[in-house]
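my_file_27.pdb, holding PDB, C-alpha atoms:
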```
ATOM      1  CA  MET A  30       0.000   0.000   0.000
ATOM      2  CA  ASP A  31       1.483   3.361  -1.015
ATOM      3  CA  ASP A  32       1.790   6.340   1.333
ATOM      4  CA  GLY A  33      -1.257   8.076  -0.132
ATOM      5  CA  ALA A  34      -3.461   5.024   0.342
ATOM      6  CA  SER A  35      -2.124   4.487   3.864
ATOM      7  CA  GLU A  36      -2.924   8.068   4.823
ATOM      8  CA  SER A  37      -6.389   7.696   3.315
ATOM      9  CA  VAL A  38      -7.092   4.631   5.471
ATOM     10  CA  ALA A  39      -5.651   6.356   8.535
ATOM     11  CA  ALA A  40      -7.787   9.449   7.928
ATOM     12  CA  PHE A  41     -10.924   7.325   7.681
ATOM     13  CA  ASN A  42     -10.091   5.290  10.784
ATOM     14  CA  ARG A  43      -9.698   8.490  12.801
ATOM     15  CA  LEU A  44     -13.275   9.377  11.886
ATOM     16  CA  ARG A  45     -14.711   5.866  12.178
ATOM     17  CA  PRO A  46     -15.911   6.152  15.834
ATOM     18  CA  THR A  47     -17.880   9.322  15.077
ATOM     19  CA  LEU A  48     -19.310   7.851  11.878
ATOM     20  CA  LEU A  49     -20.415   4.776  13.822
ATOM     21  CA  ARG A  50     -22.180   6.989  16.349
ATOM     22  CA  VAL A  51     -24.049   8.800  13.577
ATOM     23  CA  ALA A  52     -25.061   5.559  11.854
ATOM     24  CA  TYR A  53     -26.068   3.778  15.057
ATOM     25  CA  ARG A  54     -28.279   6.617  16.224
ATOM     26  CA  MET A  55     -29.866   6.816  12.800
ATOM     27  CA  LEU A  56     -30.599   3.079  12.603
ATOM     28  CA  GLY A  57     -30.751   1.714  16.154
ATOM     29  CA  SER A  58     -28.686  -1.253  14.996
ATOM     30  CA  VAL A  59     -24.999  -1.794  15.683
ATOM     31  CA  THR A  60     -24.736  -4.357  12.897
ATOM     32  CA  ASP A  61     -26.381  -2.108  10.303
ATOM     33  CA  ALA A  62     -24.317   0.868  11.478
ATOM     34  CA  GLU A  63     -21.090  -1.071  10.987
ATOM     35  CA  ASP A  64     -22.275  -2.101   7.509
ATOM     36  CA  MET A  65     -23.031   1.511   6.536
ATOM     37  CA  VAL A  66     -19.647   2.726   7.757
ATOM     38  CA  GLN A  67     -17.874  -0.084   5.931
ATOM     39  CA  GLU A  68     -19.707   0.831   2.723
ATOM     40  CA  ALA A  69     -18.614   4.450   3.223
ATOM     41  CA  PHE A  70     -15.035   3.228   3.654
ATOM     42  CA  ILE A  71     -15.183   1.296   0.383
ATOM     43  CA  ARG A  72     -16.457   4.378  -1.419
ATOM     44  CA  TRP A  73     -13.793   6.523   0.260
ATOM     45  CA  THR A  74     -10.953   4.328  -0.964
ATOM     46  CA  ARG A  75     -12.235   4.478  -4.533
ATOM     47  CA  LEU A  76     -12.609   8.262  -4.655
ATOM     48  CA  ASP A  77     -10.353  10.938  -6.033
ATOM     49  CA  ARG A  78      -9.964  12.752  -2.729
ATOM     50  CA  SER A  79      -7.904  15.673  -4.012
ATOM     51  CA  ASP A  80     -10.917  18.018  -3.992
ATOM     52  CA  ILE A  81     -12.303  16.943  -0.599
ATOM     53  CA  ARG A  82     -11.382  19.727   1.810
ATOM     54  CA  GLU A  83     -13.367  18.520   4.824
ATOM     55  CA  PRO A  84     -13.266  14.711   5.066
ATOM     56  CA  ALA A  85     -15.347  14.677   8.274
ATOM     57  CA  ALA A  86     -18.232  16.579   6.689
ATOM     58  CA  PHE A  87     -17.973  14.610   3.458
ATOM     59  CA  LEU A  88     -18.033  11.213   5.167
ATOM     60  CA  ARG A  89     -20.794  12.231   7.579
ATOM     61  CA  ASN A  90     -22.799  13.192   4.498
ATOM     62  CA  VAL A  91     -22.124   9.815   2.846
ATOM     63  CA  VAL A  92     -22.998   7.802   5.963
ATOM     64  CA  THR A  93     -26.208   9.739   6.607
ATOM     65  CA  ARG A  94     -27.415   9.211   3.045
ATOM     66  CA  LEU A  95     -26.614   5.502   3.251
ATOM     67  CA  CYS A  96     -28.577   5.329   6.491
ATOM     68  CA  LEU A  97     -31.583   7.105   4.970
ATOM     69  CA  ASP A  98     -31.644   4.503   2.214
ATOM     70  CA  GLN A  99     -31.246   1.701   4.754
ATOM     71  CA  MET A 100     -34.110   3.035   6.869
ATOM     72  CA  LYS A 101     -36.580   2.376   4.062
ATOM     73  CA  SER A 102     -35.989  -1.374   4.254
ATOM     74  CA  ALA A 103     -35.466  -1.288   8.036
ATOM     75  CA  ARG A 104     -38.914   0.226   8.559
ATOM     76  CA  SER A 105     -40.582  -2.507   6.547
ATOM     77  CA  ARG A 106     -38.716  -5.129   8.595
ATOM     78  CA  ARG A 107     -39.757  -3.338  11.796
ATOM     79  CA  GLU A 108     -43.432  -3.610  10.822
ATOM     80  CA  GLU A 109     -43.015  -7.389  10.593
ATOM     81  CA  TYR A 110     -41.065  -7.670  13.857
ATOM     82  CA  VAL A 111     -42.529 -10.121  16.361
ATOM     83  CA  GLY A 112     -42.981  -8.793  19.887
ATOM     84  CA  LEU A 113     -41.566  -5.646  21.450
ATOM     85  CA  TRP A 114     -38.763  -3.853  19.621
ATOM     86  CA  LEU A 115     -35.744  -2.316  21.350
ATOM     87  CA  PRO A 116     -32.622  -0.927  19.688
ATOM     88  CA  GLU A 117     -29.590  -3.171  19.685
ATOM     89  CA  PRO A 118     -27.881  -2.539  23.027
ATOM     90  CA  GLU A 119     -24.574  -0.727  22.946
ATOM     91  CA  ILE A 120     -22.090  -0.658  25.802
ATOM     92  CA  GLU A 121     -20.605   2.723  26.606
ATOM     93  CA  ASP A 122     -16.976   1.847  26.014
ATOM     94  CA  ALA A 123     -17.736   0.699  22.449
ATOM     95  CA  PHE A 124     -17.292   4.262  21.180
ATOM     96  CA  ASP A 125     -14.615   6.834  21.878
ATOM     97  CA  GLU A 126     -17.158   9.571  22.552
ATOM     98  CA  MET A 127     -20.601   9.507  24.088
ATOM     99  CA  ASP A 128     -23.594  11.823  23.844
ATOM    100  CA  ASP A 129     -26.849  12.060  25.767
ATOM    101  CA  ILE A 130     -28.841   9.727  23.522
ATOM    102  CA  THR A 131     -30.107   7.225  26.076
ATOM    103  CA  LEU A 132     -32.255   4.183  25.392
ATOM    104  CA  PRO A 133     -35.602   5.950  26.053
ATOM    105  CA  LEU A 134     -34.579   8.691  23.629
ATOM    106  CA  MET A 135     -33.583   6.070  21.047
ATOM    107  CA  LEU A 136     -37.121   4.710  21.306
ATOM    108  CA  ALA A 137     -38.544   8.203  20.890
ATOM    109  CA  LEU A 138     -36.461   8.675  17.741
ATOM    110  CA  GLU A 139     -38.345   5.742  16.229
ATOM    111  CA  ARG A 140     -41.439   7.953  16.087
ATOM    112  CA  LEU A 141     -39.723  10.432  13.780
ATOM    113  CA  THR A 142     -39.688  10.300  10.010
ATOM    114  CA  PRO A 143     -36.272   9.491   8.537
ATOM    115  CA  LEU A 144     -35.708  13.137   7.537
ATOM    116  CA  GLU A 145     -36.792  14.437  10.967
ATOM    117  CA  ARG A 146     -34.460  11.957  12.600
ATOM    118  CA  ALA A 147     -31.545  12.951  10.374
ATOM    119  CA  ALA A 148     -32.085  16.697  10.844
ATOM    120  CA  PHE A 149     -32.508  16.402  14.617
ATOM    121  CA  LEU A 150     -29.504  14.138  15.135
ATOM    122  CA  LEU A 151     -27.147  16.007  12.828
ATOM    123  CA  HIS A 152     -27.991  19.464  14.190
ATOM    124  CA  ASP A 153     -29.015  18.954  17.820
ATOM    125  CA  VAL A 154     -26.751  16.028  18.725
ATOM    126  CA  PHE A 155     -23.733  16.340  16.446
ATOM    127  CA  GLY A 156     -23.715  20.135  16.051
ATOM    128  CA  VAL A 157     -23.883  20.207  12.245
ATOM    129  CA  SER A 158     -24.961  23.492  10.672
ATOM    130  CA  PHE A 159     -28.310  23.633   8.898
ATOM    131  CA  ALA A 160     -26.472  24.480   5.690
ATOM    132  CA  GLU A 161     -24.647  21.151   5.865
ATOM    133  CA  VAL A 162     -27.798  19.311   6.957
ATOM    134  CA  ALA A 163     -29.539  20.742   3.895
ATOM    135  CA  GLU A 164     -26.807  19.469   1.605
ATOM    136  CA  THR A 165     -26.894  16.058   3.235
ATOM    137  CA  ILE A 166     -30.633  15.365   3.083
ATOM    138  CA  GLY A 167     -31.443  17.365  -0.035
ATOM    139  CA  ARG A 168     -33.721  19.975   1.528
ATOM    140  CA  ASP A 169     -33.292  23.726   1.959
ATOM    141  CA  PRO A 170     -32.020  25.055   5.311
ATOM    142  CA  ALA A 171     -35.416  26.463   6.320
ATOM    143  CA  THR A 172     -37.051  23.071   5.832
ATOM    144  CA  CYS A 173     -34.231  21.445   7.807
ATOM    145  CA  ARG A 174     -34.924  23.833  10.696
ATOM    146  CA  GLN A 175     -38.562  22.765  10.662
ATOM    147  CA  LEU A 176     -37.648  19.080  10.504
ATOM    148  CA  ALA A 177     -35.267  19.413  13.456
ATOM    149  CA  SER A 178     -37.852  21.414  15.397
ATOM    150  CA  ARG A 179     -40.520  18.761  14.865
ATOM    151  CA  GLY A 180     -38.044  16.099  15.944
ATOM    152  CA  ARG A 181     -37.203  18.125  19.033
ATOM    153  CA  VAL A 182     -40.862  18.327  20.052
ATOM    154  CA  HIS A 183     -41.330  14.576  19.679
ATOM    155  CA  VAL A 184     -38.325  13.624  21.801
ATOM    156  CA  ARG A 185     -38.398  16.430  24.363
ATOM    157  CA  SER A 186     -40.322  14.409  26.930
ATOM    158  CA  GLU A 187     -37.759  11.604  26.711
ATOM    159  CA  ARG A 188     -34.723  13.716  27.492
ATOM    160  CA  ALA A 189     -33.232  12.563  30.767
ATOM    161  CA  ARG A 190     -35.228  14.217  33.546
ATOM    162  CA  PHE A 191     -33.467  12.521  36.425
ATOM    163  CA  HIS A 192     -29.696  12.427  36.521
ATOM    164  CA  LEU A 193     -27.944   9.905  38.710
ATOM    165  CA  PRO A 194     -24.154   9.954  39.150
ATOM    166  CA  GLN A 195     -22.567   7.056  37.296
ATOM    167  CA  GLN A 196     -21.336   5.311  40.427
ATOM    168  CA  ARG A 197     -24.786   5.530  42.032
ATOM    169  CA  GLY A 198     -26.225   4.093  38.835
ATOM    170  CA  PHE A 199     -23.942   1.077  39.060
ATOM    171  CA  GLU A 200     -24.823   0.643  42.736
ATOM    172  CA  LEU A 201     -28.509   0.685  41.795
ATOM    173  CA  ALA A 202     -27.913  -1.881  39.039
ATOM    174  CA  GLU A 203     -26.011  -4.101  41.473
ATOM    175  CA  ALA A 204     -28.769  -3.858  44.085
ATOM    176  CA  PHE A 205     -31.465  -4.600  41.502
ATOM    177  CA  PHE A 206     -29.560  -7.591  40.148
ATOM    178  CA  ALA A 207     -29.175  -9.036  43.650
ATOM    179  CA  ALA A 208     -32.803  -8.467  44.677
ATOM    180  CA  SER A 209     -34.291  -9.795  41.440
ATOM    181  CA  ARG A 210     -32.103 -12.921  41.346
ATOM    182  CA  ASP A 211     -32.377 -13.672  45.071
ATOM    183  CA  GLY A 212     -36.161 -13.357  44.954
ATOM    184  CA  ASP A 213     -36.149 -10.541  47.527
ATOM    185  CA  ILE A 214     -39.643  -9.291  46.710
ATOM    186  CA  GLY A 215     -39.772  -6.889  49.646
ATOM    187  CA  ARG A 216     -36.562  -5.222  48.498
ATOM    188  CA  LEU A 217     -37.814  -5.048  44.920
ATOM    189  CA  ARG A 218     -40.969  -3.245  46.053
ATOM    190  CA  THR A 219     -38.862  -0.518  47.601
ATOM    191  CA  MET A 220     -36.747  -0.154  44.456
ATOM    192  CA  LEU A 221     -39.457   0.035  41.769
ATOM    193  CA  ALA A 222     -41.615   3.068  41.005
ATOM    194  CA  ALA A 223     -45.403   2.687  41.077
ATOM    195  CA  ASP A 224     -45.608   3.117  37.298
ATOM    196  CA  VAL A 225     -42.588   0.964  36.432
ATOM    197  CA  ALA A 226     -42.625  -0.538  32.934
ATOM    198  CA  ILE A 227     -40.735  -3.664  31.873
ATOM    199  CA  GLN A 228     -40.039  -4.186  28.180
ATOM    200  CA  ALA A 229     -38.330  -7.278  26.833
ATOM    201  CA  ASP A 230     -37.169  -7.795  23.252
ATOM    202  CA  GLY A 231     -36.645 -11.408  22.313
ATOM    203  CA  GLY A 232     -37.553 -11.204  18.657
ATOM    204  CA  GLY A 233     -40.595 -13.328  19.390
ATOM    205  CA  ARG A 234     -38.386 -16.192  20.546
ATOM    206  CA  VAL A 235     -37.065 -15.699  24.062
ATOM    207  CA  ALA A 236     -39.107 -13.001  25.789
ATOM    208  CA  THR A 237     -42.656 -11.945  26.589
ATOM    209  CA  SER A 238     -44.350 -10.130  23.713
ATOM    210  CA  GLN A 239     -46.031  -7.426  25.809
ATOM    211  CA  ALA A 240     -44.797  -4.791  28.213
ATOM    212  CA  VAL A 241     -45.436  -5.303  31.926
ATOM    213  CA  ILE A 242     -46.826  -2.092  33.385
ATOM    214  CA  GLY A 243     -47.235  -1.114  37.042
ATOM    215  CA  LEU A 244     -45.668  -2.177  40.316
ATOM    216  CA  ASP A 245     -48.061  -5.028  41.136
ATOM    217  CA  ASN A 246     -47.688  -6.584  37.699
ATOM    218  CA  ALA A 247     -43.903  -6.234  37.880
ATOM    219  CA  ILE A 248     -43.822  -7.918  41.288
ATOM    220  CA  SER A 249     -45.990 -10.738  39.952
ATOM    221  CA  LEU A 250     -43.501 -11.221  37.134
ATOM    222  CA  PHE A 251     -40.546 -11.447  39.513
ATOM    223  CA  VAL A 252     -42.439 -13.844  41.789
ATOM    224  CA  GLY A 253     -42.916 -16.057  38.736
ATOM    225  CA  LEU A 254     -39.255 -15.772  37.788
ATOM    226  CA  ARG A 255     -37.985 -16.676  41.260
ATOM    227  CA  LYS A 256     -38.129 -20.441  40.666
ATOM    228  CA  LEU A 257     -36.456 -20.022  37.277
ATOM    229  CA  PHE A 258     -33.540 -18.148  38.839
ATOM    230  CA  GLU A 259     -33.300 -20.778  41.595
ATOM    231  CA  ARG A 260     -33.236 -23.587  39.044
ATOM    232  CA  SER A 261     -30.880 -21.831  36.639
ATOM    233  CA  PRO A 262     -28.953 -18.986  38.309
ATOM    234  CA  SER A 263     -27.947 -16.003  36.221
ATOM    235  CA  ARG A 264     -24.256 -15.703  35.406
ATOM    236  CA  LEU A 265     -23.198 -12.073  35.698
ATOM    237  CA  LEU A 266     -20.701 -11.006  33.038
ATOM    238  CA  ARG A 267     -20.392  -7.320  33.891
ATOM    239  CA  TYR A 268     -22.101  -4.149  35.025
ATOM    240  CA  ALA A 269     -22.139  -1.471  32.350
ATOM    241  CA  LEU A 270     -23.833   1.575  30.934
ATOM    242  CA  ILE A 271     -26.184   0.248  28.272
ATOM    243  CA  ASN A 272     -27.291   2.974  25.886
ATOM    244  CA  GLY A 273     -26.529   5.472  28.621
ATOM    245  CA  LEU A 274     -28.451   3.643  31.365
ATOM    246  CA  PRO A 275     -26.973   1.598  34.206
ATOM    247  CA  GLY A 276     -27.397  -2.120  33.796
ATOM    248  CA  PHE A 277     -25.745  -5.486  33.446
ATOM    249  CA  VAL A 278     -24.923  -8.235  30.969
ATOM    250  CA  THR A 279     -25.734 -11.805  31.965
ATOM    251  CA  ILE A 280     -26.025 -15.365  30.748
ATOM    252  CA  GLU A 281     -29.491 -16.718  31.533
ATOM    253  CA  GLU A 282     -30.779 -20.296  31.633
ATOM    254  CA  GLY A 283     -27.316 -21.607  30.944
ATOM    255  CA  PHE A 284     -26.776 -20.133  27.493
ATOM    256  CA  THR A 285     -28.944 -17.080  26.692
ATOM    257  CA  LEU A 286     -27.015 -13.806  26.501
ATOM    258  CA  GLN A 287     -29.043 -10.915  27.915
ATOM    259  CA  THR A 288     -28.659  -7.210  28.628
ATOM    260  CA  THR A 289     -30.741  -5.432  31.250
ATOM    261  CA  ALA A 290     -30.847  -1.630  31.435
ATOM    262  CA  ILE A 291     -32.664   0.229  34.200
ATOM    263  CA  GLU A 292     -33.975   3.762  34.076
ATOM    264  CA  PRO A 293     -33.782   5.491  37.474
ATOM    265  CA  GLY A 294     -36.297   8.096  38.567
ATOM    266  CA  PRO A 295     -36.892  10.191  41.673
ATOM    267  CA  ASP A 296     -39.296   7.579  43.071
ATOM    268  CA  GLY A 297     -37.404   4.464  42.050
ATOM    269  CA  ILE A 298     -36.727   2.486  38.904
ATOM    270  CA  THR A 299     -39.202   3.694  36.274
ATOM    271  CA  ALA A 300     -38.333   1.313  33.431
ATOM    272  CA  ILE A 301     -36.464  -1.942  32.835
ATOM    273  CA  TYR A 302     -35.309  -2.808  29.314
ATOM    274  CA  VAL A 303     -34.316  -6.410  28.634
ATOM    275  CA  THR A 304     -32.820  -7.553  25.349
ATOM    276  CA  ARG A 305     -32.641 -11.295  24.681
ATOM    277  CA  ASN A 306     -32.962 -11.486  20.899
ATOM    278  CA  PRO A 307     -29.740 -13.333  19.951
ATOM    279  CA  ASP A 308     -29.572 -11.494  16.623
ATOM    280  CA  LYS A 309     -29.349  -8.172  18.481
ATOM    281  CA  LEU A 310     -26.676  -9.431  20.849
ATOM    282  CA  GLN A 311     -24.371 -11.083  18.329
ATOM    283  CA  HIS A 312     -22.077  -8.032  18.214
ATOM    284  CA  LEU A 313     -21.572  -8.297  21.988
ATOM    285  CA  ALA A 314     -20.927 -12.027  21.758
ATOM    286  CA  ASP A 315     -18.406 -11.427  18.974
ATOM    287  CA  ARG A 316     -16.567  -8.790  21.009
ATOM    288  CA  ALA A 317     -16.517 -11.026  24.066
ATOM    289  CA  GLY A 318     -15.073 -13.826  21.957
ATOM    290  CA  ALA A 319     -12.447 -11.538  20.473
ATOM    291  CA  ALA A 320     -11.432 -10.374  23.953
ATOM    292  CA  ASN A 321     -10.893 -13.944  25.212
TER     293      ASN A 321
END
```

Could you render the structure from this file as structure tokens?
Amino acid sequence: MDDGASESVAAFNRLRPTLLRVAYRMLGSVTDAEDMVQEAFIRWTRLDRSDIREPAAFLRNVVTRLCLDQMKSARSRREEYVGLWLPEPEIEDAFDEMDDITLPLMLALERLTPLERAAFLLHDVFGVSFAEVAETIGRDPATCRQLASRGRVHVRSERARFHLPQQRGFELAEAFFAASRDGDIGRLRTMLAADVAIQADGGGRVATSQAVIGLDNAISLFVGLRKLFERSPSRLLRYALINGLPGFVTIEEGFTLQTTAIEPGPDGITAIYVTRNPDKLQHLADRAGAAN
């Protein structure tokens, strides 16, 4: 590889973490995000780059357009999805930089149109000017302002309203893991908010297909799970921030990889997000394998 090609690869790799963040927040899928960034890399290596003055802006433009195209097919797949849908979980240390897009906000982004999502993310999250947003999505700057504004209204209620220091978040996750696996129902009652909601995404294969809403229903669920945990104890792999929320990664029932993220509130845990769909956890399994 000549020096020019080597520098081209190096330049792209410096931008890869940011491009992955853009693609992931556009698509809600780590696997699809990696595919979009890889496609952008292939295009980058084939280009005459002599006239590209701002590689970051150029590549962000390419990745966003690829994501907009991908979202057309992703939406049709989403309509056919069995059970509850959650974005593929991402662990905080997977990217070099983090923003304030937590899991509840990722779910709120699903209510936006693709163009609203692109305009909101590029401008409000990644600080891109409306002039550049306009060039990227093929609309004039005034329209981009309106798109971002509509996106802002939709997701405003899901912005983090209760901030817990990271260490306290991990302590809460540890306490919840212990109480839920030990069957300490009294302790769980003190930890969960009255309106707690439990959502589990198993792709229709390894999780309940409906959300569990309310404290009494949540307690009933954990009472039912107590014998399962006694028969097949969870194997804790790690505590982590999962899409910005405290949580943990476990092996359940001997072989099922699972992530659990908890959303803290002023009156206790307000939401629990469980991902068990093996297709959505393959990237975590691959990384764990590569680390061993």

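With CA of Gly212 (chain A) on one side and CA of Pro116 (chain A) on the other, the separation reads 28.4 Å.
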
Inset, instruction - Would you list the contacts of region 70-80 of chain A as a PyMOL selection string, taking every protein, DNA or RNA residue within 9 Å and counting only C-alpha atoms, but skipping same-chain residues closer than 4 positions in sequence? - result: chain A and resi 34+37-38+41-42+45+65-66+84+88+91

Legend entry - Result set of the PyMOL selection byres ((chain A and resi 310) around 10) on the coordinates above, as a PyMOL selection string: chain A and resi 59-60+117-119+285-288+304-309+311-315

Proximity check region 46-115 of chain A to region 157-172 of chain A, 9 Å, nearest pairs one decimal Å, all atoms listed in the file, as JSON lines:
```
{"residue": "A:Ala86", "atom": "CA", "partner": "A:Glu161", "partner_atom": "CA", "distance": 7.9}
{"residue": "A:Arg89", "atom": "CA", "partner": "A:Thr165", "partner_atom": "CA", "distance": 8.4}
{"residue": "A:Asn90", "atom": "CA", "partner": "A:Thr165", "partner_atom": "CA", "distance": 5.2}
{"residue": "A:Val91", "atom": "CA", "partner": "A:Thr165", "partner_atom": "CA", "distance": 7.9}
{"residue": "A:Thr93", "atom": "CA", "partner": "A:Thr165", "partner_atom": "CA", "distance": 7.2}
{"residue": "A:Arg94", "atom": "CA", "partner": "A:Thr165", "partner_atom": "CA", "distance": 6.9}
{"residue": "A:Leu97", "atom": "CA", "partner": "A:Ile166", "partner_atom": "CA", "distance": 8.5}
```

Inset, instruction - Find the spatial neighbours of region 272-281 of chain A, counting all atoms listed in the file, within a cut-off of 7 Å - ignore same-chain residues fewer than 5 positions away - and output them as a ChimeraX atom specification. - result: /A:118-121,131-132,198-199,202,263-267,286-292

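Shortest separation to Gly283 (chain A) among A:Gly233, A:Gly215, A:Pro262, A:Gly112 occurs at residue A:Pro262, atoms counted being all atoms listed in the file.
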
Residue neighbourhood Leu49 (chain A), 10 Å, all atoms listed in the file, exclusion window fewer than 5 positions, as a PDB file with C-alpha atoms, in the frame of the given file:
```
ATOM      1  CA  LEU A  44     -13.275   9.377  11.886  1.00  0.00           C
ATOM      2  CA  ARG A  54     -28.279   6.617  16.224  1.00  0.00           C
ATOM      3  CA  MET A  55     -29.866   6.816  12.800  1.00  0.00           C
ATOM      4  CA  VAL A  59     -24.999  -1.794  15.683  1.00  0.00           C
ATOM      5  CA  ASP A  61     -26.381  -2.108  10.303  1.00  0.00           C
ATOM      6  CA  ALA A  62     -24.317   0.868  11.478  1.00  0.00           C
ATOM      7  CA  GLU A  63     -21.090  -1.071  10.987  1.00  0.00           C
ATOM      8  CA  ASP A  64     -22.275  -2.101   7.509  1.00  0.00           C
ATOM      9  CA  MET A  65     -23.031   1.511   6.536  1.00  0.00           C
ATOM     10  CA  VAL A  66     -19.647   2.726   7.757  1.00  0.00           C
ATOM     11  CA  GLN A  67     -17.874  -0.084   5.931  1.00  0.00           C
ATOM     12  CA  ARG A  89     -20.794  12.231   7.579  1.00  0.00           C
ATOM     13  CA  VAL A  92     -22.998   7.802   5.963  1.00  0.00           C
ATOM     14  CA  ALA A 123     -17.736   0.699  22.449  1.00  0.00           C
ATOM     15  CA  PHE A 124     -17.292   4.262  21.180  1.00  0.00           C
TER      16      PHE A 124
END
```
